[in-house]
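**Q** If you scroll down you'll find the structure; I have some questions about it.
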Amino acid sequence: MKTKDLMTEAAEAKSLSKVKKIGILTSGGDSPGMNAAIRSVTRCAINAGIQVYGIQRGYQGLIEGEFIELDRYSVSDTMQRGGTMLKTARSEDFKTEAGQERAASILQTFGIDALVAIGGDGTMRGAFDLSKFNVPVICLPGTIDNDLGYTDYTIGFDTAVNTVLEAIGKIRDTSSSHERTTVIEVMGRKCGDIAVYAALAGGAEGVCVPEMPVDVNRICNKIITDGHKGRTHSVIIIAEGAPIKTTDLVDEIKRVTHKEVRQVVLSYLQRGGSPSSADRLLGTLCGAKAVEVLTDPNFDLGSYAIGEQNGKICAISLEEAVNMKRDFKEELVGLINVLSK
């Protein structure tokens, strides 16, 4: 009887849902775990009786009407792959009011009731602008930078940190052999989370991030002091948006310490690779939550951001999400300095 009641409730939810057809896109920089999110949204939506269309090449593809219908088999064998099966692109056209109005018109032409957008800050702000044209949008946090204030973690961040950790391990081996200091540049123009988490988990001797001033004297002092104690190699992690350029930091360390210093820029290496279990899980749970919101009979056809807060997947107003400031964990930098003494 209980099983029958649950089945009846599910059928009633399907019939009451205002959403019958959705579009899904990925925009901005790709991140590992996006495919897990696409798969989850697609299969959960189909299970709820919703037709799903994939939109290729992000907002630019939306403006140009690049729609493909997705079924359960379209997303098979994708969860373990990095990148995004829907491709991604940055769109200058979409940044204009005319471009956003055209995107809304295209969605109406295809009979799309709501849009699911996966991406970072730029994607979400674009989605918020689009929502002003009466387009319901559900956003999922797909970015390696972990720079969105409303969610504890973003899809792709964990994989990126693990990629940096693997590089640190290999670089430390050769740094030790040659008794040199290596400065590793990681992604993060405005957010230093990749640098901080990788430095903390990788045992780096120093870290430089956009959120804090760089104490070059402390770094050089540590390298010299460690050398007197018999430690002849070190690894420094610097985010690309740090207050000092990587080349300038390398030159200054060379000048002060008179030691051999090498620079390694990991660049787009951090975006690729098979997503970690954490990113696959986060993408899957966020995708399922998005469909849960869309199929809620009380869904008011508004716009929401899906994310993780205190270990729980939740949905909040998209307007609230794009305006939330991110808290930088400065205490972690202090811990890195303590542990590297």
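Residue numbers start at 1 in each chain; chains themselves are named A, B, ... in the order of the structure tokens; ligands are numbered from 1 in the order shown.
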Hey, which bits of stretch 61-94 of chain A sit within 12 Å of stretch 115-123 of chain A, and for each residue what's the closest pair of atoms and how far apart in Å (one decimal), counting only C-alpha atoms, rows by chain and increasing number, as CSV?

**A**
residue,atom,partner,partner_atom,distance
A:Leu62,CA,A:Leu115,CA,10.3
A:Gly83,CA,A:Gly119,CA,11.8
A:Thr84,CA,A:Ile118,CA,10.0
A:Leu86,CA,A:Ile118,CA,10.6
A:Lys87,CA,A:Ile118,CA,11.5
A:Thr88,CA,A:Gly119,CA,9.6
A:Ala89,CA,A:Thr123,CA,10.7
A:Arg90,CA,A:Thr123,CA,9.3
A:Ser91,CA,A:Thr123,CA,10.3
A:Glu92,CA,A:Gly122,CA,11.6
A:Phe94,CA,A:Thr123,CA,10.5

**Q** Take the residues just selected and output them with all heavy atoms as a PDB file, in the first residue's frame.

**A**
ATOM      1  N   LEU A  62      23.023  29.008 -27.738  1.00  0.00           N
ATOM      2  CA  LEU A  62      21.618  29.318 -27.461  1.00  0.00           C
ATOM      3  C   LEU A  62      21.120  30.385 -28.425  1.00  0.00           C
ATOM      4  O   LEU A  62      20.044  30.248 -29.023  1.00  0.00           O
ATOM      5  CB  LEU A  62      21.479  29.802 -26.011  1.00  0.00           C
ATOM      6  CG  LEU A  62      20.123  30.391 -25.583  1.00  0.00           C
ATOM      7  CD1 LEU A  62      18.997  29.409 -25.858  1.00  0.00           C
ATOM      8  CD2 LEU A  62      20.157  30.789 -24.113  1.00  0.00           C
ATOM      9  N   GLY A  83      35.840  17.703 -19.117  1.00  0.00           N
ATOM     10  CA  GLY A  83      35.267  18.602 -20.119  1.00  0.00           C
ATOM     11  C   GLY A  83      33.748  18.595 -20.078  1.00  0.00           C
ATOM     12  O   GLY A  83      33.140  18.265 -19.068  1.00  0.00           O
ATOM     13  N   THR A  84      33.139  18.949 -21.183  1.00  0.00           N
ATOM     14  CA  THR A  84      31.685  18.955 -21.286  1.00  0.00           C
ATOM     15  C   THR A  84      31.232  18.429 -22.636  1.00  0.00           C
ATOM     16  O   THR A  84      31.705  18.903 -23.676  1.00  0.00           O
ATOM     17  CB  THR A  84      31.095  20.367 -21.065  1.00  0.00           C
ATOM     18  OG1 THR A  84      29.737  20.399 -21.523  1.00  0.00           O
ATOM     19  CG2 THR A  84      31.886  21.442 -21.781  1.00  0.00           C
ATOM     20  N   LEU A  86      28.565  18.968 -24.077  1.00  0.00           N
ATOM     21  CA  LEU A  86      27.782  19.972 -24.799  1.00  0.00           C
ATOM     22  C   LEU A  86      28.664  21.095 -25.364  1.00  0.00           C
ATOM     23  O   LEU A  86      28.146  22.026 -25.982  1.00  0.00           O
ATOM     24  CB  LEU A  86      26.710  20.572 -23.877  1.00  0.00           C
ATOM     25  CG  LEU A  86      25.590  19.619 -23.461  1.00  0.00           C
ATOM     26  CD1 LEU A  86      24.636  20.304 -22.481  1.00  0.00           C
ATOM     27  CD2 LEU A  86      24.823  19.106 -24.678  1.00  0.00           C
ATOM     28  N   LYS A  87      29.974  20.994 -25.152  1.00  0.00           N
ATOM     29  CA  LYS A  87      30.911  22.042 -25.574  1.00  0.00           C
ATOM     30  C   LYS A  87      30.601  23.336 -24.825  1.00  0.00           C
ATOM     31  O   LYS A  87      29.548  23.494 -24.212  1.00  0.00           O
ATOM     32  CB  LYS A  87      30.866  22.276 -27.092  1.00  0.00           C
ATOM     33  CG  LYS A  87      30.928  21.025 -27.939  1.00  0.00           C
ATOM     34  CD  LYS A  87      32.191  20.222 -27.689  1.00  0.00           C
ATOM     35  CE  LYS A  87      32.226  18.974 -28.567  1.00  0.00           C
ATOM     36  NZ  LYS A  87      33.371  18.094 -28.218  1.00  0.00           N
ATOM     37  N   THR A  88      31.532  24.258 -24.887  1.00  0.00           N
ATOM     38  CA  THR A  88      31.338  25.534 -24.206  1.00  0.00           C
ATOM     39  C   THR A  88      32.030  26.636 -24.981  1.00  0.00           C
ATOM     40  O   THR A  88      32.949  26.386 -25.771  1.00  0.00           O
ATOM     41  CB  THR A  88      31.872  25.475 -22.757  1.00  0.00           C
ATOM     42  OG1 THR A  88      31.571  26.700 -22.091  1.00  0.00           O
ATOM     43  CG2 THR A  88      33.375  25.226 -22.720  1.00  0.00           C
ATOM     44  N   ALA A  89      31.566  27.846 -24.791  1.00  0.00           N
ATOM     45  CA  ALA A  89      32.163  29.003 -25.466  1.00  0.00           C
ATOM     46  C   ALA A  89      31.796  30.254 -24.688  1.00  0.00           C
ATOM     47  O   ALA A  89      30.821  30.266 -23.933  1.00  0.00           O
ATOM     48  CB  ALA A  89      31.638  29.109 -26.904  1.00  0.00           C
ATOM     49  N   ARG A  90      32.581  31.290 -24.876  1.00  0.00           N
ATOM     50  CA  ARG A  90      32.235  32.587 -24.287  1.00  0.00           C
ATOM     51  C   ARG A  90      31.551  33.408 -25.372  1.00  0.00           C
ATOM     52  O   ARG A  90      31.944  33.379 -26.528  1.00  0.00           O
ATOM     53  CB  ARG A  90      33.489  33.280 -23.756  1.00  0.00           C
ATOM     54  CG  ARG A  90      34.226  32.420 -22.722  1.00  0.00           C
ATOM     55  CD  ARG A  90      35.363  33.174 -22.062  1.00  0.00           C
ATOM     56  NE  ARG A  90      36.177  32.279 -21.250  1.00  0.00           N
ATOM     57  CZ  ARG A  90      35.879  31.931 -19.996  1.00  0.00           C
ATOM     58  NH1 ARG A  90      34.780  32.397 -19.435  1.00  0.00           N
ATOM     59  NH2 ARG A  90      36.683  31.126 -19.319  1.00  0.00           N
ATOM     60  N   SER A  91      30.510  34.132 -25.006  1.00  0.00           N
ATOM     61  CA  SER A  91      29.706  34.850 -25.984  1.00  0.00           C
ATOM     62  C   SER A  91      29.662  36.339 -25.690  1.00  0.00           C
ATOM     63  O   SER A  91      29.096  36.770 -24.683  1.00  0.00           O
ATOM     64  CB  SER A  91      28.272  34.288 -26.008  1.00  0.00           C
ATOM     65  OG  SER A  91      27.453  35.044 -26.879  1.00  0.00           O
ATOM     66  N   GLU A  92      30.247  37.136 -26.580  1.00  0.00           N
ATOM     67  CA  GLU A  92      30.161  38.592 -26.459  1.00  0.00           C
ATOM     68  C   GLU A  92      28.757  39.063 -26.803  1.00  0.00           C
ATOM     69  O   GLU A  92      28.253  40.030 -26.237  1.00  0.00           O
ATOM     70  CB  GLU A  92      31.195  39.259 -27.378  1.00  0.00           C
ATOM     71  CG  GLU A  92      32.645  39.013 -26.962  1.00  0.00           C
ATOM     72  CD  GLU A  92      32.944  39.525 -25.562  1.00  0.00           C
ATOM     73  OE1 GLU A  92      32.474  40.645 -25.221  1.00  0.00           O
ATOM     74  OE2 GLU A  92      33.640  38.821 -24.809  1.00  0.00           O
ATOM     75  N   PHE A  94      25.940  37.627 -26.163  1.00  0.00           N
ATOM     76  CA  PHE A  94      24.993  37.406 -25.070  1.00  0.00           C
ATOM     77  C   PHE A  94      25.126  38.454 -23.979  1.00  0.00           C
ATOM     78  O   PHE A  94      24.211  38.644 -23.181  1.00  0.00           O
ATOM     79  CB  PHE A  94      25.184  36.006 -24.480  1.00  0.00           C
ATOM     80  CG  PHE A  94      24.170  35.646 -23.431  1.00  0.00           C
ATOM     81  CD1 PHE A  94      22.872  35.308 -23.792  1.00  0.00           C
ATOM     82  CD2 PHE A  94      24.504  35.666 -22.089  1.00  0.00           C
ATOM     83  CE1 PHE A  94      21.929  34.992 -22.827  1.00  0.00           C
ATOM     84  CE2 PHE A  94      23.571  35.351 -21.110  1.00  0.00           C
ATOM     85  CZ  PHE A  94      22.278  35.016 -21.491  1.00  0.00           C
TER      86      PHE A  94
END

**Q** Do you know which residues are at most 9 Å from A:Thr247 counting only C-alpha atoms, after dropping those on the same chain fewer than 4 positions away, and could you put them as a PyMOL selection string?

**A** chain A and resi 251-252+263

**Q** So that I have them on file, write out the residues from the current selection with all heavy atoms, as a PDB file, in the first residue's frame.

**A**
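Everything below was put into result_17.pdb:
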ATOM      1  N   ASP A 251      62.377  35.889  -9.758  1.00  0.00           N
ATOM      2  CA  ASP A 251      63.569  36.747  -9.834  1.00  0.00           C
ATOM      3  C   ASP A 251      63.991  37.249  -8.451  1.00  0.00           C
ATOM      4  O   ASP A 251      65.182  37.316  -8.132  1.00  0.00           O
ATOM      5  CB  ASP A 251      63.306  37.938 -10.760  1.00  0.00           C
ATOM      6  CG  ASP A 251      63.215  37.529 -12.219  1.00  0.00           C
ATOM      7  OD1 ASP A 251      63.677  36.416 -12.547  1.00  0.00           O
ATOM      8  OD2 ASP A 251      62.663  38.314 -13.021  1.00  0.00           O
ATOM      9  N   GLU A 252      63.015  37.598  -7.629  1.00  0.00           N
ATOM     10  CA  GLU A 252      63.322  38.124  -6.300  1.00  0.00           C
ATOM     11  C   GLU A 252      63.906  37.040  -5.397  1.00  0.00           C
ATOM     12  O   GLU A 252      64.849  37.296  -4.634  1.00  0.00           O
ATOM     13  CB  GLU A 252      62.060  38.723  -5.673  1.00  0.00           C
ATOM     14  CG  GLU A 252      62.279  39.440  -4.358  1.00  0.00           C
ATOM     15  CD  GLU A 252      63.155  40.682  -4.486  1.00  0.00           C
ATOM     16  OE1 GLU A 252      63.476  41.093  -5.625  1.00  0.00           O
ATOM     17  OE2 GLU A 252      63.527  41.250  -3.438  1.00  0.00           O
ATOM     18  N   GLN A 263      60.445  27.893 -12.498  1.00  0.00           N
ATOM     19  CA  GLN A 263      59.030  28.235 -12.554  1.00  0.00           C
ATOM     20  C   GLN A 263      58.271  27.180 -13.361  1.00  0.00           C
ATOM     21  O   GLN A 263      58.722  26.756 -14.417  1.00  0.00           O
ATOM     22  CB  GLN A 263      58.861  29.610 -13.220  1.00  0.00           C
ATOM     23  CG  GLN A 263      57.428  29.987 -13.552  1.00  0.00           C
ATOM     24  CD  GLN A 263      57.344  31.291 -14.320  1.00  0.00           C
ATOM     25  OE1 GLN A 263      58.219  32.158 -14.213  1.00  0.00           O
ATOM     26  NE2 GLN A 263      56.287  31.456 -15.112  1.00  0.00           N
TER      27      GLN A 263
END

**Q** Please list as a list in words every residue within 12 Å of A:Gly311, counting only C-alpha atoms and excluding residues in the same chain fewer than 5 positions away.

**A** Thr151, Asp152, Tyr153, Ala278, Leu282 and Leu285 of chain A

**Q** Considering only C-alpha atoms, state which residue in the set A:Lys341, A:Lys18, A:Arg39, A:Arg81 is at the smallest distance from A:Lys222.

**A**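 The closest residue to A:Lys222 is A:Lys341.
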
**Q** I'd like the neighbourhood of A:Thr182 as an mmCIF file with C-alpha atoms, in the first residue's frame, where a residue qualifies if any of its atoms comes within 12 Å (using only C-alpha atoms), though same-chain residues fewer than 4 positions away should be ignored.

**A**
data_model
loop_
_atom_site.group_PDB
_atom_site.id
_atom_site.type_symbol
_atom_site.label_atom_id
_atom_site.label_comp_id
_atom_site.auth_asym_id
_atom_site.auth_seq_id
_atom_site.Cartn_x
_atom_site.Cartn_y
_atom_site.Cartn_z
ATOM 1 C CA ALA A 167 52.101 17.838 -10.044
ATOM 2 C CA ILE A 168 53.508 18.959 -6.674
ATOM 3 C CA GLY A 169 54.548 15.394 -5.893
ATOM 4 C CA LYS A 170 56.422 14.985 -9.163
ATOM 5 C CA ILE A 171 57.988 18.441 -9.039
ATOM 6 C CA ARG A 172 59.122 17.921 -5.454
ATOM 7 C CA ASP A 173 60.991 14.772 -6.509
ATOM 8 C CA THR A 174 63.104 16.640 -9.051
ATOM 9 C CA SER A 175 63.419 19.740 -6.825
ATOM 10 C CA SER A 176 64.884 17.538 -4.124
ATOM 11 C CA HIS A 178 68.592 19.179 -7.838
ATOM 12 C CA ALA A 204 54.173 23.504 0.207
ATOM 13 C CA GLU A 205 56.573 25.884 1.916
ATOM 14 C CA GLY A 206 54.632 28.986 0.903
ATOM 15 C CA VAL A 207 51.536 30.239 -0.929
ATOM 16 C CA ILE A 223 64.285 29.198 2.064
ATOM 17 C CA THR A 232 67.831 22.261 0.271
ATOM 18 C CA HIS A 233 64.619 22.279 -1.755
ATOM 19 C CA SER A 234 61.203 23.912 -1.497
ATOM 20 C CA VAL A 235 57.922 24.357 -3.362
ATOM 21 C CA ILE A 236 56.007 27.646 -3.467
ATOM 22 C CA ILE A 237 52.438 27.778 -4.855
ATOM 23 C CA ILE A 238 51.221 31.007 -6.451
ATOM 24 C CA THR A 246 55.218 34.704 -10.936
ATOM 25 C CA THR A 247 58.284 35.783 -12.919
ATOM 26 C CA LEU A 249 58.643 36.333 -7.509
ATOM 27 C CA VAL A 250 61.114 33.924 -9.097
ATOM 28 C CA ASP A 251 63.569 36.747 -9.834
ATOM 29 C CA ILE A 253 63.893 34.718 -4.687
ATOM 30 C CA LYS A 254 66.950 34.218 -6.909
ATOM 31 C CA LYS A 259 69.740 29.678 -5.096
ATOM 32 C CA GLU A 260 68.483 27.960 -8.230
ATOM 33 C CA VAL A 261 64.782 28.695 -8.779
ATOM 34 C CA ARG A 262 62.513 27.251 -11.472
ATOM 35 C CA GLN A 263 59.030 28.235 -12.554
ATOM 36 C CA VAL A 264 56.253 25.813 -13.563
ATOM 37 C CA VAL A 265 52.913 27.053 -14.957
#

**Q** Going by DSSP on the backbone, which bits of stretch 6-226 of chain A are alpha helix (DSSP H)? Write them as a ChimeraX atom specification, please.

**A** /A:6-16,34-47,58-63,97-109,121-131,157-178,193-202,216-226

**Q** What are the closest atom pairs, with distances in Å to one decimal, for each residue of stretch 92-129 of chain A lying within 9 Å of stretch 315-320 of chain A, using only C-alpha atoms, rows by chain and rising residue number, as JSON lines?

**A**
{"residue": "A:Met124", "atom": "CA", "partner": "A:Leu318", "partner_atom": "CA", "distance": 7.8}
{"residue": "A:Arg125", "atom": "CA", "partner": "A:Glu319", "partner_atom": "CA", "distance": 8.8}
{"residue": "A:Ala127", "atom": "CA", "partner": "A:Leu318", "partner_atom": "CA", "distance": 8.5}
{"residue": "A:Phe128", "atom": "CA", "partner": "A:Leu318", "partner_atom": "CA", "distance": 6.6}

**Q** Between A:Arg271, A:Lys289, A:Lys229, A:Arg255, single out the one closest to A:Leu140, counting only C-alpha atoms.

**A**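 Smallest separation from A:Leu140 among the options: A:Lys289.
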
**Q** Please give the complete set of residues from stretch 38-97 of chain A that DSSP, run on the backbone, assigns to strand (DSSP E or B), formatted as a PyMOL selection string.

**A** chain A and resi 51-55+67-70

**Q** Can you work out which one of A:Lys95, A:His258, A:Arg72, A:Lys20 has the shortest atom-to-atom distance to A:Ile50, counting only C-alpha atoms?

**A**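 The closest residue to A:Ile50 is A:Lys20.
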
**Q** Which value, in Å to one decimal, gives the distance between atom CA of A:Leu269 and atom CA of A:Ala242?

**A**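 Distance between the two atoms: 19.2 Å.
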
**Q** Return the single residue from A:Ala195, A:Ile112, A:Val19, A:Ala98 that is closest to A:Gln270, with distances computed using only C-alpha atoms.

**A** A:Ala195

**Q** Skip A:Thr159 itself and residues of its chain fewer than 5 positions away, then list as a PyMOL selection string all residues within 7 Å of it, counting only C-alpha atoms.

**A** chain A and resi 32+275-276+279

**Q** Just the residues within 9 Å of stretch 326-339 of chain A, please, counting only C-alpha atoms, with nothing from its chain fewer than 5 positions along; format it as a count of residues only.

**A** 20

**Q** Just how far from atom CA of A:Pro136 is atom CA of A:Ile68, in Å to one decimal?

**A**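 Atom-to-atom, atom CA of A:Ile68 and atom CA of A:Pro136 are spaced 19.8 Å apart.
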